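Dropping upload-v8.csv in here (CSV, N, CA and C atoms):
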```csv
chain,number,residue,atom,x,y,z
A,384,MET,N,-2.5,-2.9,-0.9
A,384,MET,CA,-3.5,-1.9,-1.0
A,384,MET,C,-4.9,-2.6,-1.2
A,385,LYS,N,-5.9,-2.0,-0.7
A,385,LYS,CA,-7.2,-2.6,-0.8
A,385,LYS,C,-8.1,-1.7,-1.7
A,386,TYR,N,-8.8,-2.3,-2.6
A,386,TYR,CA,-9.7,-1.7,-3.5
A,386,TYR,C,-11.1,-2.3,-3.5
A,387,ILE,N,-12.1,-1.6,-3.8
A,387,ILE,CA,-13.4,-2.1,-4.0
A,387,ILE,C,-14.0,-1.6,-5.4
A,388,TYR,N,-14.4,-2.5,-6.2
A,388,TYR,CA,-14.9,-2.2,-7.5
A,388,TYR,C,-16.2,-2.9,-7.7
A,389,THR,N,-17.0,-2.4,-8.7
A,389,THR,CA,-18.2,-3.1,-9.1
A,389,THR,C,-17.9,-4.0,-10.3
A,390,ALA,N,-18.4,-5.2,-10.2
A,390,ALA,CA,-18.2,-6.2,-11.3
A,390,ALA,C,-19.6,-6.4,-11.9
A,391,LEU,N,-19.6,-6.6,-13.2
A,391,LEU,CA,-20.8,-6.9,-13.9
A,391,LEU,C,-20.8,-8.3,-14.4
A,392,PHE,N,-21.9,-9.0,-14.3
A,392,PHE,CA,-22.0,-10.4,-14.7
A,392,PHE,C,-23.2,-10.6,-15.7
A,393,THR,N,-23.0,-11.2,-16.8
A,393,THR,CA,-24.0,-11.4,-17.8
A,393,THR,C,-23.9,-12.8,-18.4
A,394,HIS,N,-25.1,-13.2,-19.0
A,394,HIS,CA,-25.1,-14.4,-19.9
A,394,HIS,C,-24.9,-14.0,-21.3
A,395,ASN,N,-24.6,-14.9,-22.2
A,395,ASN,CA,-24.6,-14.7,-23.6
A,395,ASN,C,-26.0,-14.5,-24.1
A,396,PRO,N,-26.4,-13.3,-24.5
A,396,PRO,CA,-27.7,-13.1,-25.0
A,396,PRO,C,-28.0,-13.7,-26.3
A,397,ASP,N,-27.0,-14.1,-27.1
A,397,ASP,CA,-27.2,-14.7,-28.4
A,397,ASP,C,-27.3,-16.2,-28.4
A,398,ASP,N,-27.0,-16.8,-27.2
A,398,ASP,CA,-27.1,-18.3,-27.1
A,398,ASP,C,-27.6,-18.7,-25.7
A,399,PRO,N,-29.0,-18.9,-25.6
A,399,PRO,CA,-29.6,-19.2,-24.3
A,399,PRO,C,-29.1,-20.5,-23.7
A,400,SER,N,-28.5,-21.4,-24.6
A,400,SER,CA,-28.0,-22.7,-24.0
A,400,SER,C,-26.7,-22.5,-23.4
A,401,ASP,N,-26.0,-21.4,-23.6
A,401,ASP,CA,-24.7,-21.2,-23.1
A,401,ASP,C,-24.8,-20.8,-21.6
A,402,THR,N,-24.3,-21.6,-20.7
A,402,THR,CA,-24.5,-21.3,-19.3
A,402,THR,C,-23.3,-20.5,-18.7
A,403,THR,N,-22.4,-20.2,-19.5
A,403,THR,CA,-21.2,-19.4,-19.1
A,403,THR,C,-21.6,-18.0,-18.6
A,404,ILE,N,-21.0,-17.6,-17.5
A,404,ILE,CA,-21.2,-16.2,-17.0
A,404,ILE,C,-20.0,-15.4,-17.4
A,405,TYR,N,-20.3,-14.3,-18.1
A,405,TYR,CA,-19.3,-13.3,-18.5
A,405,TYR,C,-19.2,-12.3,-17.5
A,406,ALA,N,-17.9,-11.9,-17.1
A,406,ALA,CA,-17.7,-11.0,-16.0
A,406,ALA,C,-16.7,-9.9,-16.4
A,407,ARG,N,-17.0,-8.7,-15.9
A,407,ARG,CA,-16.0,-7.6,-16.2
A,407,ARG,C,-16.1,-6.6,-15.1
A,408,VAL,N,-15.0,-5.8,-15.0
A,408,VAL,CA,-14.9,-4.7,-14.1
A,408,VAL,C,-14.8,-3.4,-15.0
A,409,PRO,N,-15.9,-2.7,-15.2
A,409,PRO,CA,-15.9,-1.6,-16.1
A,409,PRO,C,-14.8,-0.5,-15.8
A,410,ASP,N,-14.4,-0.3,-14.6
A,410,ASP,CA,-13.4,0.7,-14.3
A,410,ASP,C,-12.0,0.2,-14.6
A,411,LEU,N,-11.8,-1.1,-14.9
A,411,LEU,CA,-10.5,-1.6,-15.2
A,411,LEU,C,-10.4,-2.1,-16.6
A,412,ASP,N,-9.9,-1.2,-17.5
A,412,ASP,CA,-10.0,-1.5,-18.9
A,412,ASP,C,-9.4,-2.9,-19.3
A,413,GLY,N,-10.2,-3.7,-19.9
A,413,GLY,CA,-9.7,-5.0,-20.3
A,413,GLY,C,-9.8,-6.1,-19.3
A,414,CYS,N,-10.4,-5.8,-18.1
A,414,CYS,CA,-10.5,-6.7,-17.0
A,414,CYS,C,-11.8,-7.5,-17.2
A,415,ILE,N,-11.6,-8.6,-17.9
A,415,ILE,CA,-12.8,-9.5,-18.2
A,415,ILE,C,-12.4,-11.0,-18.0
A,416,THR,N,-13.4,-11.8,-17.8
A,416,THR,CA,-13.2,-13.2,-17.6
A,416,THR,C,-14.5,-13.9,-17.7
A,417,THR,N,-14.5,-15.2,-17.5
A,417,THR,CA,-15.8,-16.0,-17.5
A,417,THR,C,-15.8,-17.0,-16.3
A,418,GLY,N,-16.9,-17.5,-16.0
A,418,GLY,CA,-17.1,-18.5,-15.0
A,418,GLY,C,-18.2,-19.5,-15.3
A,419,LYS,N,-18.1,-20.7,-14.7
A,419,LYS,CA,-19.1,-21.7,-15.1
A,419,LYS,C,-20.5,-21.4,-14.4
A,420,ASN,N,-20.4,-20.6,-13.3
A,420,ASN,CA,-21.6,-20.2,-12.6
A,420,ASN,C,-21.3,-18.9,-11.9
A,421,LEU,N,-22.3,-18.3,-11.2
A,421,LEU,CA,-22.0,-17.0,-10.6
A,421,LEU,C,-20.9,-17.0,-9.6
A,422,SER,N,-20.9,-18.0,-8.7
A,422,SER,CA,-19.9,-18.1,-7.7
A,422,SER,C,-18.5,-18.2,-8.3
A,423,ASP,N,-18.4,-19.0,-9.3
A,423,ASP,CA,-17.1,-19.2,-10.0
A,423,ASP,C,-16.7,-17.9,-10.7
A,424,ALA,N,-17.7,-17.2,-11.4
A,424,ALA,CA,-17.4,-15.9,-12.1
A,424,ALA,C,-16.9,-14.9,-11.1
A,425,ILE,N,-17.5,-14.8,-9.9
A,425,ILE,CA,-17.0,-13.9,-8.9
A,425,ILE,C,-15.6,-14.1,-8.5
A,426,ASP,N,-15.3,-15.4,-8.3
A,426,ASP,CA,-13.9,-15.8,-8.0
A,426,ASP,C,-12.9,-15.4,-9.1
A,427,GLN,N,-13.3,-15.7,-10.3
A,427,GLN,CA,-12.5,-15.4,-11.5
A,427,GLN,C,-12.3,-13.9,-11.7
A,428,ILE,N,-13.3,-13.1,-11.6
A,428,ILE,CA,-13.2,-11.7,-11.8
A,428,ILE,C,-12.4,-11.0,-10.7
A,429,THR,N,-12.5,-11.6,-9.4
A,429,THR,CA,-11.7,-11.0,-8.3
A,429,THR,C,-10.2,-11.3,-8.6
A,430,ASP,N,-9.9,-12.5,-9.1
A,430,ASP,CA,-8.5,-12.9,-9.4
A,430,ASP,C,-8.1,-12.0,-10.6
A,431,ALA,N,-8.9,-11.8,-11.6
A,431,ALA,CA,-8.5,-11.0,-12.8
A,431,ALA,C,-8.2,-9.6,-12.3
A,432,ALA,N,-9.1,-9.0,-11.5
A,432,ALA,CA,-8.9,-7.7,-11.0
A,432,ALA,C,-7.6,-7.6,-10.2
A,433,SER,N,-7.3,-8.6,-9.4
A,433,SER,CA,-6.1,-8.6,-8.6
A,433,SER,C,-4.9,-8.5,-9.5
A,434,VAL,N,-4.8,-9.3,-10.5
A,434,VAL,CA,-3.7,-9.3,-11.5
A,434,VAL,C,-3.6,-8.0,-12.1
A,435,TRP,N,-4.7,-7.4,-12.5
A,435,TRP,CA,-4.8,-6.1,-13.2
A,435,TRP,C,-4.2,-5.0,-12.3
A,436,LEU,N,-4.6,-5.0,-11.1
A,436,LEU,CA,-4.2,-4.0,-10.1
A,436,LEU,C,-2.7,-4.1,-9.7
A,437,VAL,N,-2.3,-5.4,-9.5
A,437,VAL,CA,-0.9,-5.6,-9.1
A,437,VAL,C,0.0,-5.1,-10.2
A,438,SER,N,-0.4,-5.4,-11.5
A,438,SER,CA,0.4,-5.0,-12.6
A,438,SER,C,0.5,-3.5,-12.7
A,439,ALA,N,-0.7,-2.8,-12.5
A,439,ALA,CA,-0.7,-1.4,-12.5
A,439,ALA,C,0.2,-0.8,-11.4
A,440,GLU,N,0.1,-1.3,-10.2
A,440,GLU,CA,1.0,-0.9,-9.1
A,440,GLU,C,2.4,-1.0,-9.5
A,441,ASP,N,2.8,-2.2,-10.0
A,441,ASP,CA,4.2,-2.5,-10.3
A,441,ASP,C,4.7,-1.6,-11.4
A,442,HIS,N,3.9,-1.2,-12.3
A,442,HIS,CA,4.3,-0.4,-13.5
A,442,HIS,C,4.1,1.1,-13.3
A,443,GLY,N,3.5,1.5,-12.1
A,443,GLY,CA,3.2,2.9,-11.9
A,443,GLY,C,2.1,3.4,-12.7
A,444,ASP,N,1.3,2.5,-13.2
A,444,ASP,CA,0.1,3.0,-14.1
A,444,ASP,C,-1.0,3.5,-13.2
A,445,PRO,N,-1.7,4.5,-13.7
A,445,PRO,CA,-2.8,5.1,-13.0
A,445,PRO,C,-3.9,4.0,-12.7
A,446,VAL,N,-4.5,4.1,-11.5
A,446,VAL,CA,-5.6,3.2,-11.2
A,446,VAL,C,-6.9,4.1,-11.0
A,447,ALA,N,-7.9,3.8,-11.8
A,447,ALA,CA,-9.1,4.6,-11.8
A,447,ALA,C,-9.8,4.3,-10.5
A,448,PRO,N,-10.5,5.4,-10.0
A,448,PRO,CA,-11.3,5.2,-8.8
A,448,PRO,C,-12.6,4.4,-9.2
A,449,SER,N,-13.2,3.8,-8.2
A,449,SER,CA,-14.4,3.1,-8.4
A,449,SER,C,-15.6,4.0,-8.8
A,450,THR,N,-16.3,3.7,-9.8
A,450,THR,CA,-17.5,4.4,-10.2
A,450,THR,C,-18.6,4.0,-9.4
A,451,PRO,N,-19.4,4.9,-8.8
A,451,PRO,CA,-20.6,4.5,-8.1
A,451,PRO,C,-21.6,3.7,-9.0
A,452,GLN,N,-22.2,2.6,-8.4
A,452,GLN,CA,-23.0,1.7,-9.2
A,452,GLN,C,-24.1,2.4,-10.0
A,453,GLU,N,-24.7,3.4,-9.4
A,453,GLU,CA,-25.8,4.1,-10.1
A,453,GLU,C,-25.3,4.8,-11.4
A,454,GLU,N,-24.0,5.0,-11.5
A,454,GLU,CA,-23.5,5.7,-12.7
A,454,GLU,C,-22.9,4.7,-13.8
A,455,ILE,N,-23.0,3.4,-13.5
A,455,ILE,CA,-22.5,2.4,-14.4
A,455,ILE,C,-23.6,2.1,-15.4
A,456,ASP,N,-23.3,2.1,-16.7
A,456,ASP,CA,-24.2,1.7,-17.7
A,456,ASP,C,-24.1,0.2,-17.9
A,457,ALA,N,-25.1,-0.5,-17.3
A,457,ALA,CA,-25.1,-1.9,-17.4
A,457,ALA,C,-26.3,-2.4,-18.1
A,458,PRO,N,-26.1,-3.5,-18.9
A,458,PRO,CA,-27.3,-4.2,-19.5
A,458,PRO,C,-28.3,-4.6,-18.5
A,459,GLU,N,-29.6,-4.5,-19.0
A,459,GLU,CA,-30.7,-4.9,-18.1
A,459,GLU,C,-30.6,-6.2,-17.4
A,460,ASP,N,-30.1,-7.2,-18.2
A,460,ASP,CA,-30.1,-8.6,-17.7
A,460,ASP,C,-28.8,-8.9,-16.9
A,461,SER,N,-28.0,-7.9,-16.6
A,461,SER,CA,-26.8,-8.1,-15.9
A,461,SER,C,-27.0,-8.0,-14.4
A,462,VAL,N,-26.0,-8.6,-13.7
A,462,VAL,CA,-26.0,-8.6,-12.2
A,462,VAL,C,-24.8,-7.8,-11.8
A,463,MET,N,-24.9,-6.8,-10.9
A,463,MET,CA,-23.8,-6.0,-10.4
A,463,MET,C,-23.5,-6.4,-8.9
A,464,THR,N,-22.3,-6.5,-8.6
A,464,THR,CA,-21.9,-6.8,-7.2
A,464,THR,C,-20.5,-6.1,-7.0
A,465,LEU,N,-20.3,-5.8,-5.7
A,465,LEU,CA,-19.0,-5.3,-5.3
A,465,LEU,C,-18.0,-6.4,-5.1
A,466,ILE,N,-16.8,-6.2,-5.5
A,466,ILE,CA,-15.7,-7.1,-5.2
A,466,ILE,C,-14.6,-6.3,-4.5
A,467,GLN,N,-13.9,-7.0,-3.6
A,467,GLN,CA,-12.8,-6.4,-2.9
A,467,GLN,C,-11.5,-7.1,-3.3
A,468,VAL,N,-10.5,-6.3,-3.6
A,468,VAL,CA,-9.2,-6.8,-4.0
A,468,VAL,C,-8.2,-6.2,-3.0
A,469,ASP,N,-7.4,-7.1,-2.5
A,469,ASP,CA,-6.3,-6.7,-1.6
A,469,ASP,C,-5.0,-7.2,-2.3
A,470,THR,N,-4.3,-6.2,-2.9
A,470,THR,CA,-3.1,-6.6,-3.6
A,470,THR,C,-2.0,-7.1,-2.8
A,471,ASN,N,-1.9,-6.6,-1.5
A,471,ASN,CA,-0.9,-7.2,-0.6
A,471,ASN,C,-1.2,-8.7,-0.3
A,472,ALA,N,-2.4,-9.0,-0.1
A,472,ALA,CA,-2.8,-10.4,0.2
A,472,ALA,C,-2.6,-11.2,-1.1
A,473,TYR,N,-2.9,-10.7,-2.2
A,473,TYR,CA,-2.7,-11.4,-3.5
A,473,TYR,C,-1.2,-11.7,-3.7
A,474,ARG,N,-0.4,-10.7,-3.5
A,474,ARG,CA,1.0,-10.9,-3.6
A,474,ARG,C,1.6,-11.9,-2.7
A,475,ALA,N,1.1,-11.9,-1.4
A,475,ALA,CA,1.5,-12.9,-0.4
A,475,ALA,C,1.1,-14.3,-0.8
A,476,ALA,N,0.0,-14.4,-1.4
A,476,ALA,CA,-0.5,-15.8,-1.8
A,476,ALA,C,0.1,-16.3,-3.1
A,477,THR,N,0.5,-15.4,-4.0
A,477,THR,CA,1.0,-15.9,-5.3
A,477,THR,C,2.5,-15.7,-5.5
A,478,ASP,N,3.2,-14.9,-4.6
A,478,ASP,CA,4.6,-14.7,-4.8
A,478,ASP,C,5.4,-14.9,-3.5
A,479,SER,N,5.5,-16.1,-3.0
A,479,SER,CA,6.1,-16.3,-1.7
A,479,SER,C,7.6,-16.7,-1.8
A,480,ARG,N,8.2,-16.5,-3.0
A,480,ARG,CA,9.6,-16.9,-3.2
A,480,ARG,C,10.4,-16.0,-2.2
A,481,ALA,N,11.5,-16.6,-1.7
A,481,ALA,CA,12.4,-15.9,-0.9
A,481,ALA,C,13.4,-15.0,-1.7
A,482,VAL,N,13.6,-13.8,-1.2
A,482,VAL,CA,14.5,-12.9,-1.9
A,482,VAL,C,15.6,-12.5,-0.8
A,483,ARG,N,16.8,-12.6,-1.2
A,483,ARG,CA,17.9,-12.3,-0.3
A,483,ARG,C,18.1,-10.8,-0.2
A,484,LYS,N,18.1,-10.2,1.0
A,484,LYS,CA,18.3,-8.8,1.2
A,484,LYS,C,19.4,-8.6,2.2
A,485,ASN,N,20.3,-7.7,1.9
A,485,ASN,CA,21.4,-7.4,2.8
A,485,ASN,C,21.0,-6.3,3.7
A,486,VAL,N,20.9,-6.5,5.0
A,486,VAL,CA,20.5,-5.5,6.0
A,486,VAL,C,21.6,-5.3,7.0
A,487,SER,N,21.7,-4.1,7.6
A,487,SER,CA,22.7,-3.8,8.6
A,487,SER,C,22.0,-3.6,9.9
A,488,ILE,N,22.5,-4.2,10.9
A,488,ILE,CA,22.1,-3.9,12.3
A,488,ILE,C,23.3,-3.7,13.2
A,489,PRO,N,23.1,-3.1,14.3
A,489,PRO,CA,24.3,-2.9,15.2
A,489,PRO,C,24.8,-4.2,15.7
A,490,ALA,N,26.1,-4.3,15.9
A,490,ALA,CA,26.8,-5.5,16.2
A,490,ALA,C,26.3,-6.1,17.5
A,491,TRP,N,26.0,-5.2,18.5
A,491,TRP,CA,25.5,-5.7,19.8
A,491,TRP,C,24.1,-6.4,19.6
A,492,MET,N,23.3,-5.9,18.6
A,492,MET,CA,22.0,-6.5,18.4
A,492,MET,C,22.2,-7.9,17.7
A,493,ALA,N,23.1,-8.0,16.8
A,493,ALA,CA,23.4,-9.2,16.1
A,493,ALA,C,23.9,-10.3,17.1
A,494,PHE,N,24.7,-9.8,18.0
A,494,PHE,CA,25.3,-10.7,19.0
A,494,PHE,C,24.2,-11.2,19.9
A,495,GLN,N,23.3,-10.3,20.4
A,495,GLN,CA,22.2,-10.7,21.3
A,495,GLN,C,21.2,-11.7,20.6
A,496,ALA,N,20.9,-11.4,19.3
A,496,ALA,CA,20.0,-12.2,18.6
A,496,ALA,C,20.6,-13.6,18.4
A,497,ASP,N,21.8,-13.7,18.0
A,497,ASP,CA,22.5,-15.0,17.9
A,497,ASP,C,22.5,-15.7,19.2
A,498,ARG,N,22.8,-15.1,20.3
A,498,ARG,CA,22.9,-15.7,21.6
A,498,ARG,C,21.5,-16.2,22.0
A,499,ARG,N,20.5,-15.5,21.7
A,499,ARG,CA,19.1,-16.0,22.1
A,499,ARG,C,18.4,-16.9,21.1
A,500,GLY,N,19.1,-17.1,20.0
A,500,GLY,CA,18.5,-18.0,18.9
A,500,GLY,C,17.4,-17.3,18.2
A,501,ILE,N,17.5,-16.0,18.0
A,501,ILE,CA,16.4,-15.3,17.3
A,501,ILE,C,16.8,-15.3,15.8
A,502,ASN,N,15.8,-15.7,15.0
A,502,ASN,CA,16.0,-15.7,13.6
A,502,ASN,C,15.7,-14.3,13.1
A,503,VAL,N,16.8,-13.5,12.7
A,503,VAL,CA,16.6,-12.1,12.4
A,503,VAL,C,15.8,-12.0,11.1
A,504,SER,N,15.9,-12.9,10.1
A,504,SER,CA,15.1,-12.8,8.9
A,504,SER,C,13.7,-13.0,9.2
A,505,GLN,N,13.3,-13.9,10.1
A,505,GLN,CA,11.9,-14.1,10.5
A,505,GLN,C,11.3,-12.9,11.2
A,506,VAL,N,12.1,-12.3,12.1
A,506,VAL,CA,11.7,-11.0,12.8
A,506,VAL,C,11.5,-9.9,11.8
A,507,LEU,N,12.4,-9.8,10.8
A,507,LEU,CA,12.2,-8.7,9.8
A,507,LEU,C,11.0,-9.0,9.0
A,508,GLN,N,10.7,-10.2,8.6
A,508,GLN,CA,9.5,-10.5,7.8
A,508,GLN,C,8.2,-10.2,8.6
A,509,GLU,N,8.2,-10.6,9.9
A,509,GLU,CA,7.0,-10.3,10.7
A,509,GLU,C,6.8,-8.8,10.9
A,510,ALA,N,7.9,-8.0,11.1
A,510,ALA,CA,7.8,-6.6,11.2
A,510,ALA,C,7.3,-5.9,9.9
A,511,LEU,N,7.8,-6.4,8.7
A,511,LEU,CA,7.3,-5.9,7.5
A,511,LEU,C,5.9,-6.3,7.2
A,512,TYR,N,5.5,-7.5,7.6
A,512,TYR,CA,4.0,-7.8,7.4
A,512,TYR,C,3.2,-6.8,8.2
A,513,ALA,N,3.6,-6.6,9.4
A,513,ALA,CA,2.8,-5.6,10.3
A,513,ALA,C,2.8,-4.2,9.7
A,514,ARG,N,4.0,-3.8,9.2
A,514,ARG,CA,4.1,-2.4,8.6
A,514,ARG,C,3.3,-2.3,7.3
A,515,LEU,N,3.3,-3.4,6.5
A,515,LEU,CA,2.6,-3.3,5.2
A,515,LEU,C,1.1,-3.7,5.3
A,516,ASP,N,0.6,-4.0,6.5
A,516,ASP,CA,-0.7,-4.5,6.7
A,516,ASP,C,-1.1,-5.6,5.9
A,517,ALA,N,-0.1,-6.6,5.7
A,517,ALA,CA,-0.3,-7.7,4.9
A,517,ALA,C,-1.0,-8.9,5.6
```

In structure tokens, write the structure found in this file.
Amino acid sequence: MKYIYTALFTHNPDDPSDTTIYARVPDLDGCITTGKNLSDAIDQITDAASVWLVSAEDHGDPVAPSTPQEEIDAPEDSVMTLIQVDTNAYRAATDSRAVRKNVSIPAWMAFQADRRGINVSQVLQEALYARLDA
């Protein structure tokens, strides 16, 4: 599933020597992280949002819609940007372990696949990738 959310980035206002960038997604409760610079903070918050959304999907938790940027209460010194999260791509990149599934196909199809050297598991994976838009 693909999502687009606004992320907020700020510096520590109490310590001007602190170069850490603090990042959060206001629509995803508790989705916060830090980065050593803005580019790193964008990568980190995108990863954090991916984990947050994958967990919500897995547990059937509600996922809040994205709030329009003009409705977000952001500190004056913050930077807002959109981030895109693709939970299917995140799952593919982080959970590539093989899982055995028992499937049934007609005998004639199994015979022809074996005869032609077709890897049925590979064909099934390719079909599922296409079907899941992964």

**OP:** Rounded to one decimal place, report the atom N of A:Ile404-atom N of A:Ile425 distance in Å.
**Re:** 8.8 Å

Subject >> Residue contacts of A:Pro409 (7 Å, only N, CA and C atoms) excluding same-chain residues fewer than 6 positions away, as a count of residues only >> reply: 3

Original post:
With all atoms listed in the file as the atoms that count, which of A:Met384, A:Ile428, A:Ile488, A:Val434 lies nearest to A:Ile466?
Top reply: A:Ile428

Original post:
Between atom C of A:Ala439 and atom C of A:Met463, what is the spacing in Å?
Top reply: 24.5 Å

Subject >> Within 10 Å of A:Gly418 using only C-alpha atoms, minus same-chain residues under 3 positions, as a VMD selection string >> reply: chain A and resid 392 402 to 406 421 to 428

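Minimum distance to A:Ile415 across A:Leu507, A:Val446, A:Ala431, A:Val482 (counting all atoms listed in the file) occurs at A:Ala431.
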
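Our summary of the geometry notes that atom CA of A:Trp435 is positioned 27.1 Å from atom N of A:Gln508.
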
**OP:** Among the residues of stretch 475-513 of chain A, find those DSSP assigns to helix (DSSP H, G or I) from the backbone and print them as an MDAnalysis selection string.
**Re:** chainID A and resid 475:477 490:499 503:513

How close does stretch 405-438 of chain A get to stretch 447-456 of chain A? List, as CSV, each residue of stretch 405-438 of chain A within 8 Å, its nearest atom pair and the distance in Å to one decimal, counting all atoms listed in the file.
```
residue,atom,partner,partner_atom,distance
A:Pro409,C,A:Thr450,N,7.5
A:Asp410,C,A:Ala447,CA,6.0
A:Leu411,CA,A:Ala447,N,6.9
A:Asp412,N,A:Ala447,N,7.8
```

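In this comparison, which uses only C-alpha atoms, the residue of A:Thr477, A:Thr393, A:Ser487, A:Thr470 approaching A:Leu515 most closely is A:Thr470.
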
**OP:** Could you give me the residues within chain A that DSSP places in strand (DSSP E or B), as a ChimeraX atom specification?
**Re:** /A:385-393,404-407,415-418,462-469

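Restricting the calculation to all atoms listed in the file, the smallest distance between A:Thr429 and any of A:Tyr512, A:Ala496, A:Gln467, A:Arg474 is found for A:Gln467.
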